[in-house]
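Source file work.csv; content: CSV, C-alpha atoms.
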chain,number,residue,atom,x,y,z
A,1,MET,CA,0.0,0.0,0.0
A,2,GLU,CA,1.0,3.6,-0.3
A,3,VAL,CA,0.8,6.6,2.0
A,4,THR,CA,1.9,10.2,1.5
A,5,PHE,CA,4.8,10.9,3.8
A,6,ASN,CA,5.7,14.6,4.0
A,7,GLY,CA,4.3,15.2,0.6
A,8,ARG,CA,5.9,12.2,-1.1
A,9,ALA,CA,4.5,8.8,-2.0
A,10,HIS,CA,5.9,6.1,0.4
A,11,GLU,CA,5.4,2.3,-0.1
A,12,LEU,CA,4.9,0.2,3.0
A,13,THR,CA,3.3,-3.1,4.2
A,14,ALA,CA,-0.3,-3.1,5.0
A,15,GLY,CA,-1.0,-2.9,8.8
A,16,THR,CA,2.2,-1.0,9.6
A,17,SER,CA,1.8,1.2,12.7
A,18,ILE,CA,3.1,4.8,12.8
A,19,GLN,CA,5.7,3.7,15.4
A,20,GLU,CA,6.9,0.9,13.1
A,21,LEU,CA,7.3,3.3,10.2
A,22,LEU,CA,9.2,5.8,12.4
A,23,ASP,CA,11.5,2.9,13.5
A,24,GLN,CA,12.1,1.9,9.9
A,25,LEU,CA,13.1,5.4,9.0
A,26,ARG,CA,15.2,5.7,12.2
A,27,LEU,CA,13.2,8.6,13.5
A,28,ASP,CA,13.2,9.1,17.3
A,29,CYS,CA,9.5,9.5,18.4
A,30,LEU,CA,10.7,11.9,21.1
A,31,GLN,CA,12.1,14.3,18.5
A,32,VAL,CA,9.2,14.5,16.1
A,33,VAL,CA,5.5,15.2,16.0
A,34,VAL,CA,3.2,13.2,13.8
A,35,GLU,CA,0.1,14.3,12.0
A,36,HIS,CA,-2.0,11.5,10.6
A,37,ASN,CA,-4.7,12.6,8.2
A,38,HIS,CA,-4.3,16.1,9.7
A,39,ASN,CA,-4.8,14.9,13.3
A,40,ILE,CA,-1.9,15.1,15.8
A,41,ILE,CA,-1.1,11.6,17.1
A,42,THR,CA,0.3,11.7,20.6
A,43,ARG,CA,3.4,9.6,21.4
A,44,GLN,CA,1.3,7.2,23.4
A,45,ARG,CA,-0.8,6.4,20.4
A,46,LEU,CA,1.9,6.0,17.8
A,47,ALA,CA,2.2,2.2,18.3
A,48,GLU,CA,-1.6,1.6,18.2
A,49,THR,CA,-2.3,3.7,15.2
A,50,THR,CA,-2.0,1.6,12.0
A,51,LEU,CA,-1.8,3.1,8.5
A,52,ASN,CA,-4.2,2.5,5.6
A,53,ASP,CA,-3.7,2.9,1.9
A,54,GLY,CA,-4.0,6.6,0.9
A,55,ASP,CA,-3.3,8.0,4.4
A,56,THR,CA,-1.4,11.2,4.8
A,57,LEU,CA,1.4,11.6,7.3
A,58,GLU,CA,3.3,14.7,8.3
A,59,VAL,CA,6.3,14.2,10.4
A,60,ILE,CA,7.6,17.5,11.9
A,61,HIS,CA,10.6,18.4,14.0
A,62,PHE,CA,12.3,21.5,15.3
A,63,VAL,CA,14.8,23.4,13.3
A,64,GLY,CA,16.6,26.7,13.8
A,65,GLY,CA,14.4,29.7,13.3
A,66,GLY,CA,14.0,33.3,14.3
B,1,MET,CA,18.7,45.2,35.4
B,2,ASP,CA,15.0,45.0,36.3
B,3,GLU,CA,13.2,41.9,35.3
B,4,LEU,CA,11.1,41.4,32.3
B,5,ILE,CA,7.7,39.8,33.0
B,6,ILE,CA,5.7,38.0,30.3
B,7,ALA,CA,2.5,36.2,31.2
B,8,GLY,CA,3.5,36.2,34.9
B,9,ARG,CA,6.9,34.6,34.2
B,10,SER,CA,10.0,36.7,35.0
B,11,PHE,CA,13.2,36.8,33.0
B,12,LYS,CA,16.5,38.5,33.8
B,13,SER,CA,17.4,39.0,30.2
B,14,ARG,CA,15.6,41.4,27.9
B,15,LEU,CA,17.2,39.9,24.8
B,16,MET,CA,15.6,37.0,23.0
B,17,VAL,CA,17.5,35.2,20.3
B,18,GLY,CA,16.6,33.2,17.2
B,19,THR,CA,18.3,30.0,16.3
B,20,GLY,CA,18.1,30.2,12.5
B,21,LYS,CA,20.8,30.6,9.8
B,22,PHE,CA,23.8,29.7,12.0
B,23,ALA,CA,26.7,28.0,10.3
B,24,SER,CA,26.7,25.3,13.0
B,25,ASN,CA,25.0,24.3,16.2
B,26,GLU,CA,28.2,25.3,18.0
B,27,ALA,CA,27.9,28.8,16.6
B,28,MET,CA,24.3,28.9,17.7
B,29,VAL,CA,25.1,27.9,21.2
B,30,ALA,CA,28.0,30.4,21.4
B,31,ALA,CA,25.5,33.2,20.4
B,32,MET,CA,22.9,32.0,22.9
B,33,GLU,CA,25.5,31.9,25.7
B,34,GLY,CA,27.1,35.2,24.8
B,35,SER,CA,23.7,36.9,24.6
B,36,GLY,CA,22.6,35.8,28.1
B,37,SER,CA,19.2,35.1,26.7
B,38,GLU,CA,16.6,33.0,28.4
B,39,ILE,CA,14.2,32.8,25.5
B,40,VAL,CA,15.1,31.2,22.2
B,41,THR,CA,13.0,30.8,19.2
B,42,VAL,CA,12.8,27.7,17.0
B,43,ALA,CA,10.9,26.7,13.9
B,44,LEU,CA,9.0,23.6,12.8
B,45,ARG,CA,9.6,21.9,9.5
B,46,ARG,CA,9.1,18.5,7.9
B,47,VAL,CA,11.7,15.9,8.7
B,48,ASP,CA,13.9,15.2,5.7
B,49,VAL,CA,14.5,11.4,5.8
B,50,ASP,CA,17.0,11.6,3.0
B,51,ASN,CA,19.2,13.9,5.0
B,52,PRO,CA,18.9,12.9,8.6
B,53,GLN,CA,20.3,15.6,10.9
B,54,ASP,CA,21.3,15.7,14.5
B,55,SER,CA,18.4,17.3,16.4
B,56,MET,CA,19.2,20.9,17.2
B,57,LEU,CA,17.2,20.6,20.4
B,58,LYS,CA,20.0,18.5,21.9
B,59,HIS,CA,22.1,21.6,22.0
B,60,ILE,CA,19.5,23.7,23.9
B,61,ASP,CA,19.4,23.2,27.6
B,62,PRO,CA,15.7,23.3,28.6
B,63,GLU,CA,16.6,24.2,32.2
B,64,ARG,CA,18.3,27.4,30.9
B,65,TYR,CA,16.2,28.5,28.0
B,66,LEU,CA,12.5,28.8,27.4
B,67,LEU,CA,11.8,27.4,23.9
B,68,LEU,CA,9.6,29.7,22.0
B,69,PRO,CA,8.4,27.9,18.8
B,70,ASN,CA,7.4,30.1,16.0
B,71,THR,CA,4.8,29.6,13.3
B,72,SER,CA,7.1,30.7,10.5
B,73,GLY,CA,6.1,29.4,7.1
B,74,ALA,CA,2.4,29.8,7.9
B,75,ARG,CA,0.6,31.7,5.2
B,76,ASP,CA,-2.7,32.1,7.0
B,77,ALA,CA,-4.3,31.7,10.4
B,78,GLU,CA,-5.2,28.1,9.9
B,79,GLU,CA,-1.6,27.1,9.1
B,80,ALA,CA,-0.3,29.1,12.1
B,81,ILE,CA,-2.8,27.5,14.5
B,82,ARG,CA,-1.8,24.1,13.2
B,83,LEU,CA,1.9,24.8,13.8
B,84,ALA,CA,1.2,26.1,17.3
B,85,ARG,CA,-0.6,22.9,18.1
B,86,ILE,CA,2.2,20.8,16.7
B,87,ALA,CA,4.7,22.6,18.9
B,88,ARG,CA,2.6,22.0,22.0
B,89,ALA,CA,2.3,18.3,21.1
B,90,ALA,CA,6.1,18.2,20.9
B,91,GLY,CA,6.1,18.8,24.6
B,92,CYS,CA,6.8,22.5,24.6
B,93,GLU,CA,5.2,24.9,27.0
B,94,PRO,CA,2.3,26.5,25.3
B,95,TRP,CA,4.2,29.6,24.3
B,96,VAL,CA,4.2,30.6,20.7
B,97,LYS,CA,5.7,33.3,18.6
B,98,LEU,CA,2.8,33.8,16.1
B,99,GLU,CA,4.0,34.7,12.6
B,100,VAL,CA,1.9,34.7,9.5
B,101,THR,CA,3.9,35.9,6.5
B,102,PRO,CA,2.2,35.1,3.2
B,103,ASP,CA,4.5,37.5,1.3
B,104,PRO,CA,7.8,35.7,0.5
B,105,TYR,CA,9.8,38.8,-0.6
B,106,TYR,CA,9.5,41.1,2.4
B,107,LEU,CA,8.1,38.5,4.8
B,108,LEU,CA,5.8,41.1,6.2
B,109,PRO,CA,3.2,39.8,8.6
B,110,ASP,CA,-0.5,39.5,7.6
B,111,PRO,CA,-2.4,41.6,10.2
B,112,ILE,CA,-5.8,40.1,9.6
B,113,GLU,CA,-4.7,36.5,9.7
B,114,THR,CA,-2.4,37.2,12.7
B,115,LEU,CA,-5.3,38.6,14.7
B,116,LYS,CA,-7.6,35.7,13.7
B,117,ALA,CA,-5.0,33.1,14.8
B,118,ALA,CA,-4.3,35.0,18.0
B,119,GLU,CA,-7.9,35.0,19.0
B,120,VAL,CA,-8.1,31.2,18.6
B,121,LEU,CA,-4.8,30.4,20.2
B,122,VAL,CA,-5.5,32.6,23.3
B,123,LYS,CA,-8.8,30.7,23.8
B,124,GLU,CA,-6.9,27.4,23.5
B,125,GLY,CA,-4.6,28.5,26.4
B,126,PHE,CA,-1.5,29.5,24.4
B,127,ILE,CA,0.7,32.3,25.5
B,128,VAL,CA,0.8,34.2,22.3
B,129,LEU,CA,3.6,36.6,21.2
B,130,PRO,CA,2.5,37.9,17.8
B,131,TYR,CA,5.0,39.3,15.2
B,132,ILE,CA,3.4,42.3,13.6
B,133,ASN,CA,4.2,45.3,11.5
B,134,ALA,CA,4.6,48.4,13.7
B,135,ASP,CA,0.9,49.2,13.6
B,136,PRO,CA,-0.4,50.7,16.8
B,137,VAL,CA,-4.0,49.9,16.1
B,138,LEU,CA,-3.3,46.3,15.4
B,139,ALA,CA,-1.1,46.1,18.6
B,140,LYS,CA,-4.2,47.4,20.6
B,141,HIS,CA,-6.5,44.8,19.0
B,142,LEU,CA,-4.0,42.0,19.8
B,143,GLN,CA,-3.5,43.0,23.4
B,144,GLU,CA,-7.3,43.2,23.8
B,145,ALA,CA,-7.5,39.7,22.3
B,146,GLY,CA,-5.2,38.6,25.2
B,147,THR,CA,-1.8,38.2,23.6
B,148,ALA,CA,1.1,38.2,26.1
B,149,THR,CA,3.2,40.7,24.2
B,150,VAL,CA,3.2,42.5,20.9
B,151,MET,CA,6.3,42.1,18.7
B,152,PRO,CA,6.5,45.0,16.1
B,153,LEU,CA,9.2,44.8,13.5
B,154,GLY,CA,12.0,47.3,13.2
B,155,ALA,CA,12.5,46.5,9.6
B,156,PRO,CA,11.8,43.4,7.5
B,157,ILE,CA,13.3,40.1,8.7
B,158,GLY,CA,17.0,39.7,8.1
B,159,THR,CA,17.6,43.1,6.6
B,160,ASN,CA,19.8,44.5,9.5
B,161,LYS,CA,18.4,48.0,8.8
B,162,GLY,CA,17.5,48.9,12.3
B,163,LEU,CA,14.5,50.8,13.6
B,164,ARG,CA,12.9,52.0,10.4
B,165,THR,CA,9.5,52.0,12.1
B,166,ARG,CA,10.7,54.1,15.0
B,167,ASP,CA,7.8,56.6,15.2
B,168,ASN,CA,5.1,53.9,15.1
B,169,ILE,CA,7.0,51.8,17.7
B,170,ALA,CA,7.0,54.8,20.0
B,171,ILE,CA,3.2,55.0,19.7
B,172,ILE,CA,2.9,51.2,20.4
B,173,ILE,CA,5.1,51.5,23.5
B,174,GLU,CA,3.0,54.5,24.7
B,175,GLN,CA,-0.2,52.6,24.4
B,176,ALA,CA,0.9,49.1,25.4
B,177,THR,CA,-0.5,47.2,28.3
B,178,VAL,CA,1.6,44.2,27.5
B,179,PRO,CA,5.4,44.0,27.0
B,180,VAL,CA,6.6,45.3,23.6
B,181,VAL,CA,9.3,43.2,22.0
B,182,VAL,CA,11.0,44.8,19.0
B,183,ASP,CA,11.6,42.0,16.6
B,184,ALA,CA,13.2,41.7,13.2
B,185,GLY,CA,15.6,44.0,11.3
B,186,LEU,CA,17.9,44.8,14.3
B,187,GLY,CA,21.3,44.5,12.8
B,188,ALA,CA,23.6,46.1,15.3
B,189,PRO,CA,23.8,46.5,19.1
B,190,SER,CA,23.1,50.2,18.6
B,191,HIS,CA,19.8,49.3,17.0
B,192,ALA,CA,18.9,47.2,20.0
B,193,ALA,CA,20.0,49.9,22.4
B,194,GLU,CA,17.9,52.5,20.5
B,195,ALA,CA,14.8,50.3,20.9
B,196,MET,CA,15.4,49.8,24.6
B,197,GLU,CA,16.1,53.5,25.2
B,198,MET,CA,12.7,54.2,23.7
B,199,GLY,CA,11.1,52.0,26.3
B,200,ALA,CA,10.7,48.7,24.5
B,201,ASP,CA,10.6,45.9,27.0
B,202,ALA,CA,12.8,43.5,25.1
B,203,VAL,CA,14.2,42.8,21.6
B,204,LEU,CA,14.6,39.7,19.5
B,205,VAL,CA,17.6,39.2,17.4
B,206,ASN,CA,18.6,36.4,15.0
B,207,THR,CA,20.3,37.3,11.7
B,208,ALA,CA,22.7,39.8,13.2
B,209,LEU,CA,24.1,37.0,15.4
B,210,ALA,CA,24.0,34.2,12.8
B,211,VAL,CA,25.9,36.1,10.1
B,212,ALA,CA,28.5,37.6,12.4
B,213,ARG,CA,32.1,36.5,12.0
B,214,ASP,CA,32.0,35.6,15.7
B,215,PRO,CA,28.4,34.9,16.8
B,216,GLY,CA,29.4,34.4,20.4
B,217,ALA,CA,31.1,37.8,20.6
B,218,MET,CA,28.2,39.4,18.8
B,219,GLY,CA,25.9,37.9,21.3
B,220,VAL,CA,27.8,39.6,24.1
B,221,ALA,CA,27.8,42.9,22.1
B,222,PHE,CA,24.0,42.8,21.8
B,223,LYS,CA,23.6,41.9,25.5
B,224,LYS,CA,25.6,45.1,26.3
B,225,GLY,CA,23.5,47.1,23.9
B,226,VAL,CA,20.2,45.9,25.4
B,227,GLU,CA,21.4,46.5,28.9
B,228,ALA,CA,22.8,50.0,28.1
B,229,GLY,CA,19.5,50.9,26.4
B,230,ARG,CA,17.4,49.7,29.3
B,231,GLU,CA,19.5,51.3,31.9
B,232,ALA,CA,19.4,54.6,30.0
B,233,TYR,CA,15.6,54.4,29.7
B,234,LEU,CA,15.2,53.8,33.4
B,235,ALA,CA,17.7,56.5,34.2
B,236,GLY,CA,15.8,59.0,32.2
B,237,LEU,CA,17.1,60.5,28.9
B,238,GLY,CA,17.3,64.2,28.3
B,239,LYS,CA,15.0,65.8,25.9
B,240,GLN,CA,16.2,66.7,22.4
B,241,GLN,CA,16.1,70.4,21.5
B,242,ASP,CA,17.3,72.6,18.6
B,243,LYS,CA,19.2,75.3,20.5
B,244,ALA,CA,22.5,74.7,22.3
B,245,GLU,CA,22.4,74.7,26.1
B,246,ALA,CA,25.8,75.2,27.6
B,247,SER,CA,27.1,72.4,29.9
B,248,SER,CA,29.7,74.8,31.4
B,249,PRO,CA,28.7,77.9,33.5
B,250,LEU,CA,28.0,81.0,31.5
B,251,THR,CA,29.5,83.3,34.2
B,252,GLY,CA,33.1,84.0,35.4
B,253,PHE,CA,34.7,84.2,32.0
B,254,LEU,CA,38.2,85.6,31.9
B,255,ARG,CA,37.2,88.8,30.2
B,256,GLU,CA,35.4,92.0,31.1
Please express the file's structure as structure tokens.
Amino acid sequence: MEVTFNGRAHELTAGTSIQELLDQLRLDCLQVVVEHNHNIITRQRLAETTLNDGDTLEVIHFVGGG
Amino acid sequence: MDELIIAGRSFKSRLMVGTGKFASNEAMVAAMEGSGSEIVTVALRRVDVDNPQDSMLKHIDPERYLLLPNTSGARDAEEAIRLARIARAAGCEPWVKLEVTPDPYYLLPDPIETLKAAEVLVKEGFIVLPYINADPVLAKHLQEAGTATVMPLGAPIGTNKGLRTRDNIAIIIEQATVPVVVDAGLGAPSHAAEAMEMGADAVLVNTALAVARDPGAMGVAFKKGVEAGREAYLAGLGKQQDKAEASSPLTGFLRE
């Protein structure tokens, strides 16, 4: 199946959770915030939230800014 | 120096610094330390999985600095609100530097969208520090909406031009019931000092530090500028006038 990850198509196995995807991409869940279909997913819910074909994910982190 | 109080929280430093555009995290930390700041701004962006980077947050001690996430990149109220909520979900305290800049050339803030976003965020319990053009009427609307400060620009972001909006900032300061933080365009410690001499409560500086040959030393220079300006304001500056007024006595000259 395919999801949109930060604006780009991303292939992954059906039933993957957001936490599993973050692990695959070596992203530390403490350093990022995830929006799933425009809803913020709290850290506690990353493992229980599974992805479906066509879902949209935004994974955001802090960068330098003024 | 007397303390700066924003939303009931006191700060010894009246200089806030941004963390953008530094050549390295080390340069950023040097500028933060040199400046003596207690409030540092950060931005939110998409993670780039192709170019994984060390988290810049690892370099900012949360015991020492209040992290002030900005909503830079937001083009309207909706995007700004979304970014503020993301920042809070990241575990930040609910402080937000509200920025809505739809115009990419001058990065001037959109007053209508900024006010809309401020109203929503205040209701959601955020401590809102809005970045605005130096518009006294807008500043009043925002403080009435419950923002914790107003942050008028001296000049467009990153221009280093100083207080081009001086007269309007003076009106904002005169009317303000919340702290006035002059943000953007301050390129030299003298610009920061000038804002503080006028009675601004604080200033925010980023580019001037980030592009300096020695960001740490420039941080120190801005710290001194801000302190000098504040102390002069508290001490009471003399009035400007057109005619000379002798500093030396006008009697007892060595002539008839």
Can you check which residues of chain B have any atom within 10 Å of chain A? Use only C-alpha atoms and format it as a ChimeraX atom specification. /B:16-22,25,28,40-50,52-53,55-58,68-72,82-83,85-91,97,157-158,183-184,204-207
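From atom CA of B:Val128 back to atom CA of B:Pro179, the distance works out to 11.8 Å.
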Judged by only C-alpha atoms, the minimum distance to B:Leu108 among B:Ile60, B:Ala235, B:Val96, B:Leu153 is found for B:Leu153
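Atom CA of B:Leu186 is found 25.3 Å from atom CA of B:Asp76.
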B:Arg213 surroundings by only C-alpha atoms, 12 Å radius, close-in-sequence under 3 positions cut, as a VMD selection string: chain B and resid 22 to 23 27 30 to 31 207 to 210 216 to 219
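Atom CA of B:Asn51 is found 19.9 Å from atom CA of A:Leu12.
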List the neighbours of B:Tyr105 out to 12 Å using all atoms listed in the file; skip same-chain residues closer than 2 positions along the sequence, and give me the result as number ranges by chain. B: 101-103, 107-109, 156-159
Do you know which residues are at most 10 Å from B:Asp201 counting all atoms listed in the file, after dropping those on the same chain fewer than 2 positions away, and could you put them as an mmCIF file with C-alpha atoms, keeping the file's coordinate frame?
data_model
loop_
_atom_site.group_PDB
_atom_site.id
_atom_site.type_symbol
_atom_site.label_atom_id
_atom_site.label_comp_id
_atom_site.auth_asym_id
_atom_site.auth_seq_id
_atom_site.Cartn_x
_atom_site.Cartn_y
_atom_site.Cartn_z
ATOM 1 C CA GLU B 3 13.200 41.900 35.300
ATOM 2 C CA LEU B 4 11.100 41.400 32.300
ATOM 3 C CA ILE B 5 7.700 39.800 33.000
ATOM 4 C CA ILE B 6 5.700 38.000 30.300
ATOM 5 C CA ARG B 14 15.600 41.400 27.900
ATOM 6 C CA LEU B 15 17.200 39.900 24.800
ATOM 7 C CA THR B 149 3.200 40.700 24.200
ATOM 8 C CA ILE B 173 5.100 51.500 23.500
ATOM 9 C CA VAL B 178 1.600 44.200 27.500
ATOM 10 C CA PRO B 179 5.400 44.000 27.000
ATOM 11 C CA VAL B 180 6.600 45.300 23.600
ATOM 12 C CA VAL B 181 9.300 43.200 22.000
ATOM 13 C CA VAL B 182 11.000 44.800 19.000
ATOM 14 C CA ALA B 195 14.800 50.300 20.900
ATOM 15 C CA MET B 196 15.400 49.800 24.600
ATOM 16 C CA GLU B 197 16.100 53.500 25.200
ATOM 17 C CA MET B 198 12.700 54.200 23.700
ATOM 18 C CA GLY B 199 11.100 52.000 26.300
ATOM 19 C CA VAL B 203 14.200 42.800 21.600
ATOM 20 C CA VAL B 226 20.200 45.900 25.400
ATOM 21 C CA ARG B 230 17.400 49.700 29.300
#
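Closest approach to B:Glu144 among B:Leu115, B:Ala232, B:Ile169, B:Ile127: B:Leu115, based on all atoms listed in the file.
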Between B:Met1, B:Leu250, B:Gly154, B:Leu163, smallest distance to B:Leu234 by all atoms listed in the file belongs to B:Met1
List the spatial neighbours of stretch 50-54 of chain A as a ChimeraX atom specification - criterion: any atom at most 7 Å away, all atoms listed in the file, same-chain residues fewer than 5 positions off excluded. /A:1-4,14-18
Could the residues in this selection be saved with C-alpha atoms as a tab-separated table (two decimals), in the coordinates of the input?
chain	number	residue	atom	x	y	z
A	1	MET	CA	0.00	0.00	0.00
A	2	GLU	CA	1.00	3.60	-0.30
A	3	VAL	CA	0.80	6.60	2.00
A	4	THR	CA	1.90	10.20	1.50
A	14	ALA	CA	-0.30	-3.10	5.00
A	15	GLY	CA	-1.00	-2.90	8.80
A	16	THR	CA	2.20	-1.00	9.60
A	17	SER	CA	1.80	1.20	12.70
A	18	ILE	CA	3.10	4.80	12.80
Which one of A:Thr49, A:Gln19, A:Thr56, A:Gln24 sits closest to A:Asn37 if you count only C-alpha atoms? A:Thr56
